[in-house]
>>> print(open('final07.cif').read())   # mmCIF, C-alpha atoms and all ligand atoms
data_input
#
loop_
_atom_site.label_atom_id
_atom_site.label_comp_id
_atom_site.auth_asym_id
_atom_site.auth_seq_id
_atom_site.Cartn_x
_atom_site.Cartn_y
_atom_site.Cartn_z
CA MET A 1 -9.46 -6.57 13.07
CA THR A 2 -9.47 -8.91 10.15
CA ARG A 3 -11.52 -7.57 7.30
CA TRP A 4 -13.27 -10.05 5.07
CA ASP A 5 -13.88 -8.89 1.60
CA ASP A 6 -17.60 -9.54 1.67
CA GLY A 7 -18.32 -6.62 -0.58
CA LYS A 8 -19.16 -4.31 2.30
CA THR A 9 -15.91 -3.73 4.08
CA GLN A 10 -13.58 -1.12 2.70
CA THR A 11 -9.89 -1.72 3.18
CA ALA A 12 -7.82 1.21 4.40
CA PRO A 13 -4.15 1.95 3.80
CA VAL A 14 -1.84 0.25 6.27
CA SER A 15 -1.63 2.43 9.36
CA PRO A 16 1.74 3.67 10.67
CA ASP A 17 0.65 2.45 14.09
CA ILE A 18 0.77 -1.30 14.61
CA THR A 19 -1.82 -1.06 17.39
CA ASP A 20 -4.24 0.42 14.88
CA GLU A 21 -6.72 -2.01 13.42
CA ASN A 22 -5.61 -1.26 9.84
CA ASN A 23 -2.14 -2.60 10.49
CA ALA A 24 -1.63 -4.73 7.39
CA LEU A 25 -1.30 -3.97 3.72
CA PRO A 26 -4.64 -4.73 2.03
CA ALA A 27 -4.60 -8.20 0.53
CA LYS A 28 -5.16 -7.00 -3.04
CA TYR A 29 -1.64 -5.56 -3.05
CA PHE A 30 -0.33 -9.11 -2.99
CA THR A 31 -2.46 -10.50 -5.76
CA GLU A 32 -3.33 -7.87 -8.37
CA PRO A 33 -1.29 -7.72 -11.59
CA ASP A 34 -1.69 -3.91 -11.68
CA VAL A 35 0.12 -3.66 -8.38
CA TRP A 36 3.10 -5.51 -9.79
CA GLU A 37 3.07 -3.08 -12.74
CA MET A 38 3.12 -0.21 -10.25
CA GLU A 39 5.87 -1.81 -8.18
CA LYS A 40 8.15 -2.04 -11.19
CA GLU A 41 8.11 1.74 -11.28
CA LYS A 42 7.60 2.77 -7.67
CA VAL A 43 9.68 0.12 -5.93
CA PHE A 44 12.11 -1.55 -8.29
CA SER A 45 13.00 1.60 -10.24
CA ARG A 46 13.38 3.85 -7.19
CA TYR A 47 15.18 1.94 -4.45
CA TRP A 48 18.61 0.36 -4.46
CA ILE A 49 18.30 -3.23 -5.57
CA TYR A 50 20.95 -5.80 -4.70
CA ALA A 51 22.61 -6.94 -7.91
CA GLY A 52 25.23 -9.42 -6.77
CA HIS A 53 28.53 -10.01 -5.07
CA ALA A 54 31.71 -8.28 -6.22
CA ASN A 55 33.77 -11.44 -5.58
CA CYS A 56 31.84 -13.19 -8.34
CA ILE A 57 33.31 -10.75 -10.86
CA ASP A 58 36.97 -10.63 -9.85
CA GLU A 59 38.72 -9.96 -13.15
CA PRO A 60 38.21 -7.23 -15.75
CA GLY A 61 35.51 -8.42 -18.14
CA ASP A 62 33.79 -10.66 -15.58
CA TYR A 63 30.09 -9.93 -15.58
CA PHE A 64 26.67 -11.14 -14.60
CA THR A 65 23.24 -9.90 -15.57
CA ARG A 66 20.22 -8.95 -13.54
CA THR A 67 16.62 -8.33 -14.44
CA VAL A 68 15.12 -5.57 -12.29
CA GLY A 69 11.45 -5.03 -13.03
CA ASP A 70 11.33 -4.78 -16.82
CA SER A 71 14.95 -3.70 -17.14
CA GLN A 72 17.93 -5.86 -17.81
CA VAL A 73 21.28 -4.78 -16.51
CA ILE A 74 24.81 -6.01 -17.19
CA VAL A 75 27.08 -5.70 -14.16
CA VAL A 76 30.72 -5.83 -15.17
CA ARG A 77 34.19 -5.26 -13.76
CA ASP A 78 35.99 -2.74 -15.94
CA GLN A 79 39.69 -2.37 -16.79
CA ASP A 80 40.24 -0.07 -13.78
CA ASP A 81 38.84 -2.71 -11.45
CA ASP A 82 35.65 -0.75 -10.86
CA VAL A 83 32.25 -2.40 -10.95
CA ARG A 84 29.85 -0.76 -13.40
CA ALA A 85 26.38 -1.51 -14.63
CA PHE A 86 24.81 -0.83 -18.02
CA TYR A 87 21.39 -1.37 -19.48
CA ASN A 88 21.45 -4.44 -21.68
CA VAL A 89 20.42 -2.27 -24.61
CA CYS A 90 22.54 -1.49 -27.64
CA ALA A 91 23.09 2.18 -28.46
CA HIS A 92 22.65 1.49 -32.17
CA ARG A 93 19.06 0.34 -32.58
CA GLY A 94 18.25 -0.90 -29.15
CA SER A 95 18.76 -4.63 -29.38
CA LYS A 96 19.40 -6.64 -26.26
CA MET A 97 23.03 -7.65 -26.26
CA VAL A 98 23.44 -10.53 -23.83
CA GLU A 99 20.93 -13.24 -23.06
CA ASP A 100 18.51 -12.46 -20.31
CA THR A 101 17.96 -14.43 -17.15
CA PRO A 102 16.98 -13.11 -13.76
CA MET A 103 20.54 -13.53 -12.62
CA THR A 104 23.20 -15.20 -14.73
CA ASP A 105 26.17 -17.02 -13.35
CA PRO A 106 29.27 -14.96 -13.99
CA GLY A 107 30.84 -15.00 -17.45
CA ASN A 108 33.72 -13.11 -18.97
CA MET A 109 33.88 -10.85 -21.99
CA GLY A 110 36.70 -8.60 -23.15
CA ARG A 111 34.21 -6.28 -24.79
CA ILE A 112 30.49 -6.01 -24.92
CA GLN A 113 29.29 -6.83 -28.41
CA CYS A 114 25.81 -6.53 -29.79
CA PRO A 115 25.01 -9.58 -31.92
CA TYR A 116 22.67 -7.63 -34.25
CA HIS A 117 25.09 -5.44 -36.27
CA LEU A 118 28.19 -6.02 -34.17
CA TRP A 119 28.61 -2.65 -32.52
CA THR A 120 31.24 -3.27 -29.87
CA TYR A 121 31.73 -1.46 -26.57
CA ASP A 122 34.59 -1.45 -24.08
CA LEU A 123 34.06 -2.30 -20.42
CA GLU A 124 33.55 1.38 -19.66
CA GLY A 125 30.58 1.38 -22.01
CA ASN A 126 32.16 3.43 -24.81
CA LEU A 127 31.53 2.46 -28.40
CA ARG A 128 34.84 1.13 -29.76
CA THR A 129 34.24 -0.46 -33.12
CA THR A 130 31.55 -0.70 -35.73
CA PRO A 131 31.65 -2.92 -38.82
CA LYS A 132 32.91 -1.40 -42.07
CA SER A 133 29.36 -0.95 -43.28
CA PHE A 134 28.98 1.90 -40.79
CA GLU A 135 32.06 3.71 -42.12
CA GLU A 136 31.09 3.96 -45.76
CA ALA A 137 27.93 4.78 -47.66
CA SER A 138 28.32 2.43 -50.60
CA LEU A 139 24.63 1.52 -50.68
CA ASN A 140 23.34 5.05 -50.27
CA PRO A 141 23.26 7.07 -53.52
CA ASP A 142 22.68 10.31 -51.59
CA LEU A 143 25.87 10.11 -49.57
CA GLU A 144 29.55 10.10 -50.37
CA ASP A 145 31.83 8.05 -48.13
CA ASP A 146 33.38 11.37 -47.05
CA ASP A 147 30.00 12.55 -45.76
CA VAL A 148 29.75 9.69 -43.34
CA GLN A 149 30.04 10.93 -39.80
CA GLU A 150 32.36 9.30 -37.34
CA PHE A 151 30.70 7.94 -34.27
CA ASP A 152 31.82 9.44 -31.01
CA GLY A 153 32.58 6.55 -28.63
CA GLU A 154 31.10 8.24 -25.60
CA ASP A 155 28.05 9.81 -27.26
CA ASN A 156 27.19 6.46 -28.73
CA GLY A 157 28.07 4.51 -25.62
CA LEU A 158 25.92 2.32 -23.41
CA MET A 159 23.56 3.80 -20.88
CA GLU A 160 25.04 3.46 -17.42
CA VAL A 161 23.07 2.55 -14.30
CA HIS A 162 23.91 3.91 -10.83
CA THR A 163 25.91 1.44 -8.77
CA ASP A 164 27.19 1.54 -5.22
CA THR A 165 28.37 -1.03 -2.71
CA VAL A 166 28.10 -2.15 0.88
CA GLY A 167 31.30 -4.13 1.42
CA PRO A 168 31.33 -6.59 -1.49
CA PHE A 169 27.57 -6.29 -2.10
CA VAL A 170 26.85 -4.47 -5.35
CA PHE A 171 23.59 -2.53 -5.65
CA VAL A 172 22.04 -0.85 -8.67
CA ASN A 173 19.48 1.92 -8.84
CA LEU A 174 17.48 2.75 -11.97
CA ASP A 175 16.30 6.15 -10.76
CA ASP A 176 17.81 9.28 -12.35
CA ASP A 177 18.40 10.88 -9.00
CA PRO A 178 18.25 8.20 -6.33
CA MET A 179 18.49 8.55 -2.58
CA SER A 180 21.94 7.49 -1.42
CA LEU A 181 22.61 3.83 -0.75
CA ASP A 182 23.95 4.92 2.66
CA GLU A 183 20.54 6.31 3.52
CA GLN A 184 18.75 3.17 2.42
CA THR A 185 21.12 0.78 4.22
CA GLY A 186 21.57 2.91 7.39
CA LYS A 187 23.44 1.22 10.18
CA MET A 188 23.27 -2.12 8.41
CA LYS A 189 26.00 -0.75 6.15
CA ASP A 190 28.28 0.10 9.09
CA GLU A 191 27.68 -3.25 10.74
CA LEU A 192 28.33 -5.24 7.60
CA GLU A 193 31.37 -3.22 6.60
CA GLU A 194 33.02 -4.03 9.91
CA LEU A 195 33.02 -7.70 8.91
CA PRO A 196 35.50 -9.29 6.48
CA LEU A 197 32.71 -10.15 4.03
CA GLY A 198 34.98 -9.68 1.03
CA ASP A 199 37.37 -12.39 2.25
CA TYR A 200 34.73 -15.05 1.80
CA GLU A 201 34.17 -16.90 -1.46
CA HIS A 202 30.98 -17.62 -3.30
CA ALA A 203 30.45 -21.32 -2.73
CA ARG A 204 26.93 -22.21 -3.79
CA ARG A 205 23.84 -20.81 -5.45
CA ILE A 206 20.40 -22.36 -5.25
CA VAL A 207 17.63 -20.77 -7.33
CA SER A 208 14.02 -21.75 -6.68
CA GLU A 209 10.88 -20.58 -8.40
CA VAL A 210 8.05 -20.14 -5.92
CA GLU A 211 4.35 -19.63 -6.68
CA CYS A 212 3.70 -16.66 -4.51
CA ASN A 213 4.02 -12.88 -4.37
CA TRP A 214 7.50 -11.70 -3.35
CA LYS A 215 6.16 -9.71 -0.37
CA VAL A 216 4.50 -12.78 1.09
CA PHE A 217 7.88 -14.49 1.30
CA GLY A 218 9.38 -11.24 2.62
CA GLY A 219 6.83 -11.24 5.42
CA ASN A 220 7.45 -14.88 6.21
CA TYR A 221 11.21 -14.26 6.41
CA SER A 222 10.62 -11.39 8.82
CA GLU A 223 9.01 -13.30 11.67
CA CYS A 224 9.49 -16.55 13.50
CA ASP A 225 6.09 -16.93 15.08
CA HIS A 226 5.56 -19.68 12.53
CA CYS A 227 8.79 -21.49 13.44
CA GLU A 228 7.57 -23.53 16.37
CA ALA A 229 4.87 -25.17 14.26
CA ASN A 230 6.80 -25.44 11.01
CA HIS A 231 10.56 -25.65 11.52
CA GLN A 232 11.04 -28.43 14.04
CA ASP A 233 14.71 -29.02 13.17
CA TRP A 234 15.67 -25.37 13.07
CA ILE A 235 14.20 -24.41 16.43
CA GLU A 236 15.96 -27.26 18.20
CA GLY A 237 19.14 -25.23 18.57
CA ILE A 238 17.49 -21.84 19.06
CA ALA A 239 16.19 -20.16 22.20
CA LEU A 240 13.22 -18.60 20.43
CA ASP A 241 11.97 -16.66 23.44
CA GLU A 242 15.29 -14.85 23.58
CA SER A 243 15.09 -13.66 20.00
CA GLU A 244 14.94 -9.97 19.30
CA LEU A 245 13.48 -8.07 16.37
CA GLU A 246 15.13 -4.75 15.62
CA VAL A 247 13.46 -2.31 13.24
CA ASN A 248 15.31 0.46 11.38
CA ASP A 249 14.36 2.86 8.58
CA TYR A 250 14.70 0.54 5.59
CA HIS A 251 15.86 -2.66 7.21
CA TRP A 252 15.12 -4.88 10.15
CA VAL A 253 17.24 -7.44 11.91
CA LEU A 254 16.17 -10.73 13.48
CA HIS A 255 18.51 -11.84 16.24
CA TYR A 256 18.28 -15.46 17.32
CA THR A 257 20.18 -16.74 20.33
CA HIS A 258 21.53 -20.27 20.28
CA ALA A 259 20.32 -22.50 23.04
CA GLN A 260 23.92 -23.57 23.54
CA ASP A 261 26.89 -21.38 22.93
CA VAL A 262 28.52 -21.99 19.59
CA ASP A 263 32.25 -22.14 18.96
CA ASP A 264 33.52 -18.69 17.93
CA GLU A 265 35.25 -20.13 14.91
CA LEU A 266 31.91 -21.05 13.48
CA ARG A 267 30.93 -17.44 13.05
CA ILE A 268 32.10 -14.62 10.84
CA HIS A 269 30.53 -12.21 13.33
CA ASP A 270 31.24 -12.28 17.02
CA GLU A 271 27.84 -12.25 18.61
CA HIS A 272 26.49 -15.40 20.19
CA GLU A 273 23.57 -15.56 17.86
CA ALA A 274 22.41 -15.77 14.31
CA LYS A 275 21.52 -12.45 12.72
CA PHE A 276 19.25 -12.05 9.75
CA TYR A 277 19.04 -8.71 7.97
CA TYR A 278 16.14 -7.83 5.70
CA LEU A 279 16.80 -4.80 3.52
CA TRP A 280 13.81 -3.27 1.77
CA PRO A 281 12.68 -4.16 -0.78
CA ASN A 282 13.97 -7.67 -1.50
CA PHE A 283 17.39 -8.53 -0.12
CA THR A 284 18.50 -10.41 2.96
CA VAL A 285 21.88 -11.06 4.54
CA ASN A 286 22.01 -14.15 6.67
CA MET A 287 24.69 -14.26 9.35
CA TYR A 288 24.68 -17.74 10.77
CA GLY A 289 25.58 -18.73 14.29
CA THR A 290 26.68 -22.23 13.37
CA ALA A 291 28.74 -21.82 10.23
CA ASP A 292 31.79 -19.77 9.39
CA GLY A 293 30.15 -18.08 6.48
CA TYR A 294 27.12 -16.07 5.48
CA GLY A 295 24.38 -16.15 2.92
CA THR A 296 22.21 -13.80 0.92
CA TYR A 297 18.74 -14.11 -0.51
CA ILE A 298 17.37 -12.15 -3.42
CA ILE A 299 13.59 -12.35 -3.41
CA ASP A 300 13.31 -11.68 -7.10
CA PRO A 301 9.78 -11.07 -8.37
CA ILE A 302 8.84 -12.58 -11.74
CA ASP A 303 5.30 -11.18 -11.60
CA GLU A 304 2.66 -10.66 -8.92
CA LYS A 305 2.27 -14.37 -8.30
CA ARG A 306 5.79 -15.78 -8.73
CA PHE A 307 9.27 -15.02 -7.55
CA ASN A 308 12.69 -16.63 -7.71
CA LEU A 309 14.57 -17.07 -4.49
CA VAL A 310 18.26 -16.72 -5.34
CA ALA A 311 20.10 -18.13 -2.34
CA ASP A 312 23.87 -17.62 -2.29
CA TYR A 313 26.29 -19.04 0.26
CA PHE A 314 29.73 -17.64 1.04
CA PHE A 315 32.42 -19.53 2.91
CA ALA A 316 36.11 -19.05 3.65
CA ASP A 317 36.81 -21.50 0.84
CA SER A 318 34.56 -22.39 -2.06
CA ASP A 319 35.58 -26.05 -1.59
CA LEU A 320 33.11 -26.99 1.07
CA SER A 321 33.74 -29.29 4.00
CA GLU A 322 31.23 -32.00 4.78
CA GLU A 323 29.87 -29.90 7.64
CA GLU A 324 29.37 -26.94 5.33
CA GLU A 325 27.58 -29.12 2.76
CA GLN A 326 25.40 -30.37 5.58
CA PHE A 327 24.76 -26.80 6.70
CA ILE A 328 23.56 -25.81 3.23
CA GLU A 329 21.33 -28.84 3.11
CA THR A 330 19.71 -27.82 6.39
CA SER A 331 19.30 -24.28 5.12
CA ARG A 332 17.70 -25.70 1.98
CA GLN A 333 15.29 -27.72 4.07
CA LEU A 334 14.27 -24.55 5.89
CA GLN A 335 13.63 -22.83 2.54
CA GLU A 336 11.48 -25.69 1.32
CA GLU A 337 9.44 -25.63 4.50
CA ASP A 338 8.91 -21.89 4.00
CA PHE A 339 8.03 -22.29 0.31
CA GLU A 340 5.23 -24.63 1.31
CA LEU A 341 3.95 -22.13 3.85
CA VAL A 342 4.01 -19.13 1.56
CA GLU A 343 2.49 -20.98 -1.39
CA ARG A 344 -0.34 -22.11 0.86
CA GLN A 345 -0.78 -18.58 2.15
CA TYR A 346 -0.78 -17.24 -1.38
CA GLU A 347 -3.49 -19.63 -2.47
CA GLY A 348 -5.55 -18.40 0.46
CA LEU A 349 -4.93 -14.76 -0.40
CA SER A 350 -5.79 -15.38 -4.04
CA MET A 351 -9.30 -16.53 -3.18
CA GLY A 352 -10.19 -12.90 -2.62
CA ALA A 353 -11.99 -13.58 0.66
CA LEU A 354 -9.55 -11.64 2.82
CA GLY A 355 -9.68 -7.88 2.47
CA GLN A 356 -7.07 -6.91 5.02
CA ALA A 357 -5.14 -9.01 7.52
CA GLN A 358 -4.64 -8.39 11.20
CA LEU A 359 -1.02 -8.50 12.36
CA GLY A 360 -0.01 -9.47 15.87
CA PRO A 361 2.06 -7.30 18.21
CA ASN A 362 5.26 -9.23 17.46
CA GLU A 363 4.80 -9.00 13.72
CA HIS A 364 6.12 -5.45 13.75
CA THR A 365 8.82 -6.41 11.24
CA VAL A 366 6.11 -7.59 8.86
CA HIS A 367 4.29 -4.33 9.58
CA LYS A 368 7.45 -2.43 8.61
CA LEU A 369 7.58 -4.29 5.29
CA HIS A 370 3.93 -3.47 4.63
CA ARG A 371 4.48 0.17 5.61
CA LEU A 372 7.41 0.59 3.26
CA ALA A 373 5.35 -0.88 0.45
CA GLN A 374 2.49 1.50 1.22
CA GLU A 375 4.88 4.48 1.34
CA ALA A 376 6.34 3.50 -2.01
CA TYR A 377 2.88 3.18 -3.58
CA ASP A 378 1.80 6.54 -2.18
CA ALA A 379 4.94 8.40 -3.27
S1 LIG B 401 21.17 -2.93 -32.59
FE1 LIG B 401 23.06 -3.43 -31.74
S2 LIG B 401 24.44 -3.32 -33.38
FE2 LIG B 401 22.55 -2.79 -34.25
FE FE B 402 10.21 -19.93 8.12
#
>>> encode(input="final07.cif", output="structure tokens")
Amino acid sequence: MTRWDDGKTQTAPVSPDITDENNALPAKYFTEPDVWEMEKEKVFSRYWIYAGHANCIDEPGDYFTRTVGDSQVIVVRDQDDDVRAFYNVCAHRGSKMVEDTPMTDPGNMGRIQCPYHLWTYDLEGNLRTTPKSFEEASLNPDLEDDDVQEFDGEDNGLMEVHTDTVGPFVFVNLDDDPMSLDEQTGKMKDELEELPLGDYEHARRIVSEVECNWKVFGGNYSECDHCEANHQDWIEGIALDESELEVNDYHWVLHYTHAQDVDDELRIHDEHEAKFYYLWPNFTVNMYGTADGYGTYIIDPIDEKRFNLVADYFFADSDLSEEEEQFIETSRQLQEEDFELVERQYEGLSMGALGQAQLGPNEHTVHKLHRLAQEAYDA
């Protein structure tokens, strides 16, 4: 049952059983700043977080940055063609080295140089050069130049972050000893790696700042009970009653059947449906039924009440046809409709009246999201 926060009701942790009355995450977990502080550690520093697409950093030296919780990471392709990630923190005195944004568009650098005192690292993270002032002790009366130690490139290198991939999708993990990415992605990994995802090019990115907690958008993405009332254009081509929601350990998949069969060539995957994967905590892969391409969302929290939606689109060619442009526009419209919904929901949640929501029987994907959050908080 719905629990109003009238000062008498106590909210309980979300129950593992969706038929239980405590089947939603208490509302305060969506609105309290302390929860976001906890999530930085218990969610964003423990699980594998999607960083970006390997095709965006094709050549040695190509890189992009990511902010994960409070940490900034540089993801770079090294000279051996491997993708690596480093904290954006200089090994000298800890300055940030490249500008921070939640997710930069790719750039290229031959070496990673700290602007503060110009320590310079290779793409493997080893310290390569320091200015002359670090090789002699001319200003220090207590030291002779001969006393000056040589810096070991590796010992004074950048701090590396765990990376792993599913197809061309690059993930990072800030934990010292993380669970494997295979465990977190489960059968989603096998399904995605059967597809030629790497053959598709990054064609478009749309970044939107939304005034709402990231989990509220995650919940909205995970169900289509709201579609009939709110996505008139989208449901036109979809047989909603034939949709299927599949729940796995750390991901769930929404299968939507098209009312009319769609030409095979318009799909990267061969099922007669659209397939939307949500991977805990904040990544989605969108396999469309009506476009030969796919998309990804990063639901990137800024704080407890704001997130950026980073929407990327991948097509066979980054030069888009008119139909593909049109497709992205329709997708954009869907996002804007959802932004309105989740911002309205967030305003409601922020009033503090609701203690704990009541989920319906077909909101089991939302329940899964809430459960994973609860498990992370309890760990
Ligand atoms: S802090 Fe980076 S070179 Fe000094
Ligand atoms: Fe929606």
>>> closest_atom_pairs(input="final07.cif", of="chain A", to="ligand LIG 401 (chain B)", cutoff="12 Å", atoms="all atoms listed in the file", output="Markdown table")
| residue | atom | partner | partner_atom | distance |
| --- | --- | --- | --- | --- |
| A:Asn88 | CA | B:LIG401 | FE1 | 10.2 |
| A:Val89 | CA | B:LIG401 | FE1 | 7.7 |
| A:Cys90 | CA | B:LIG401 | FE1 | 4.6 |
| A:Ala91 | CA | B:LIG401 | FE1 | 6.5 |
| A:His92 | CA | B:LIG401 | S1 | 4.7 |
| A:Arg93 | CA | B:LIG401 | S1 | 3.9 |
| A:Gly94 | CA | B:LIG401 | S1 | 4.9 |
| A:Ser95 | CA | B:LIG401 | S1 | 4.4 |
| A:Lys96 | CA | B:LIG401 | FE1 | 7.3 |
| A:Met97 | CA | B:LIG401 | FE1 | 6.9 |
| A:Val98 | CA | B:LIG401 | FE1 | 10.6 |
| A:Ile112 | CA | B:LIG401 | FE1 | 10.4 |
| A:Gln113 | CA | B:LIG401 | S2 | 7.8 |
| A:Cys114 | CA | B:LIG401 | FE1 | 4.6 |
| A:Pro115 | CA | B:LIG401 | S2 | 6.5 |
| A:Tyr116 | CA | B:LIG401 | S2 | 4.7 |
| A:His117 | CA | B:LIG401 | S2 | 3.6 |
| A:Leu118 | CA | B:LIG401 | S2 | 4.7 |
| A:Trp119 | CA | B:LIG401 | S2 | 4.3 |
| A:Thr120 | CA | B:LIG401 | S2 | 7.7 |
| A:Tyr121 | CA | B:LIG401 | S2 | 10.1 |
| A:Leu127 | CA | B:LIG401 | S2 | 10.4 |
| A:Arg128 | CA | B:LIG401 | S2 | 11.9 |
| A:Thr129 | CA | B:LIG401 | S2 | 10.2 |
| A:Thr130 | CA | B:LIG401 | S2 | 7.9 |
| A:Pro131 | CA | B:LIG401 | S2 | 9.0 |
| A:Ser133 | CA | B:LIG401 | S2 | 11.3 |
| A:Phe134 | CA | B:LIG401 | S2 | 10.1 |
| A:Asn156 | CA | B:LIG401 | FE1 | 11.1 |
| A:Gly157 | CA | B:LIG401 | FE1 | 11.2 |
| A:Leu158 | CA | B:LIG401 | FE1 | 10.5 |
>>> residues_around(input="final07.cif", residues="range 269-273 of chain A", least_positions_apart="2", cutoff="10 Å", atoms="only C-alpha atoms", output="VMD selection string")
chain A and resid 191 to 192 194 to 197 238 to 239 243 254 to 267 275 to 276 287 to 290 292 to 294
>>> closest_residue(input="final07.cif", among="A:Asn173, A:Thr31, A:Thr284, A:Gln232", to="Arg306 in chain A", atoms="all atoms listed in the file")
A:Thr31
>>> residues_around(input="final07.cif", residues="Tyr47 in chain A", least_positions_apart="4", cutoff="9 Å", atoms="all atoms listed in the file", output="list in words")
Lys42, Val43, Val172, Asn173, Leu174, Asp175, Pro178, Met179, Leu181, Gln184, Trp280 and Pro281 of chain A
>>> closest_residue(input="final07.cif", among="A:Asp225, A:Glu160, A:Glu363, A:Glu304", to="ligand FE 402 (chain B)", atoms="all atoms listed in the file")
A:Asp225
>>> residues_near_ligand(input="final07.cif", ligand="ligand FE 402 (chain B)", cutoff="12 Å", atoms="all atoms listed in the file", output="PyMOL selection string")
chain A and resi 216-235+331-342
>>> residues_around(input="final07.cif", residues="range 343-357 of chain A", least_positions_apart="3", cutoff="8 Å", atoms="all atoms listed in the file", output="ChimeraX atom specification")
/A:1-6,9-11,22-28,30-31,210-213,216,339-340
>>> atom_distance(input="final07.cif", atom1="CA of Phe86 in chain A", atom2="CA of Gln72 in chain A")
8.5 Å
>>> atom_distance(input="final07.cif", atom1="CA of Lys368 in chain A", atom2="CA of Val170 in chain A")
24.0 Å
>>> atom_distance(input="final07.cif", atom1="CA of Phe169 in chain A", atom2="CA of Gly52 in chain A")
6.1 Å
>>> decode(input="final07.cif", residues="range 78-83 of chain A", atoms="all heavy atoms", output="mmCIF file, in the first residue's frame")
data_model
loop_
_atom_site.group_PDB
_atom_site.id
_atom_site.type_symbol
_atom_site.label_atom_id
_atom_site.label_comp_id
_atom_site.auth_asym_id
_atom_site.auth_seq_id
_atom_site.Cartn_x
_atom_site.Cartn_y
_atom_site.Cartn_z
ATOM 1 N N ASP A 78 45.734 3.400 -26.241
ATOM 2 C CA ASP A 78 47.194 3.506 -26.121
ATOM 3 C C ASP A 78 47.894 3.061 -27.408
ATOM 4 O O ASP A 78 47.249 2.730 -28.403
ATOM 5 C CB ASP A 78 47.694 2.751 -24.874
ATOM 6 C CG ASP A 78 47.647 1.236 -25.033
ATOM 7 O OD1 ASP A 78 47.437 0.741 -26.163
ATOM 8 O OD2 ASP A 78 47.820 0.542 -24.001
ATOM 9 N N GLN A 79 49.225 3.058 -27.383
ATOM 10 C CA GLN A 79 49.997 2.752 -28.608
ATOM 11 C C GLN A 79 49.793 1.322 -29.069
ATOM 12 O O GLN A 79 49.988 1.012 -30.248
ATOM 13 C CB GLN A 79 51.499 2.996 -28.355
ATOM 14 C CG GLN A 79 51.865 4.440 -28.111
ATOM 15 C CD GLN A 79 51.618 5.340 -29.318
ATOM 16 O OE1 GLN A 79 51.235 4.880 -30.388
ATOM 17 N NE2 GLN A 79 51.809 6.639 -29.126
ATOM 18 N N ASP A 80 49.420 0.411 -28.138
ATOM 19 C CA ASP A 80 49.182 -0.988 -28.529
ATOM 20 C C ASP A 80 47.741 -1.237 -28.914
ATOM 21 O O ASP A 80 47.299 -2.380 -28.979
ATOM 22 C CB ASP A 80 49.544 -1.930 -27.362
ATOM 23 C CG ASP A 80 51.008 -1.838 -27.014
ATOM 24 O OD1 ASP A 80 51.800 -1.594 -27.944
ATOM 25 O OD2 ASP A 80 51.340 -1.968 -25.817
ATOM 26 N N ASP A 81 46.986 -0.163 -29.093
ATOM 27 C CA ASP A 81 45.592 -0.275 -29.508
ATOM 28 C C ASP A 81 44.648 -0.725 -28.386
ATOM 29 O O ASP A 81 43.505 -1.059 -28.641
ATOM 30 C CB ASP A 81 45.475 -1.244 -30.699
ATOM 31 C CG ASP A 81 44.399 -0.775 -31.670
ATOM 32 O OD1 ASP A 81 44.182 0.447 -31.735
ATOM 33 O OD2 ASP A 81 43.775 -1.631 -32.326
ATOM 34 N N ASP A 82 45.170 -0.769 -27.170
ATOM 35 C CA ASP A 82 44.298 -1.127 -26.051
ATOM 36 C C ASP A 82 43.632 0.130 -25.491
ATOM 37 O O ASP A 82 44.196 1.220 -25.559
ATOM 38 C CB ASP A 82 45.108 -1.780 -24.913
ATOM 39 C CG ASP A 82 45.635 -3.135 -25.327
ATOM 40 O OD1 ASP A 82 44.916 -3.846 -26.075
ATOM 41 O OD2 ASP A 82 46.770 -3.488 -24.934
ATOM 42 N N VAL A 83 42.440 -0.074 -24.930
ATOM 43 C CA VAL A 83 41.761 1.048 -24.275
ATOM 44 C C VAL A 83 42.095 0.996 -22.792
ATOM 45 O O VAL A 83 41.998 -0.056 -22.151
ATOM 46 C CB VAL A 83 40.235 0.962 -24.484
ATOM 47 C CG1 VAL A 83 39.522 2.033 -23.656
ATOM 48 C CG2 VAL A 83 39.887 1.119 -25.957
#
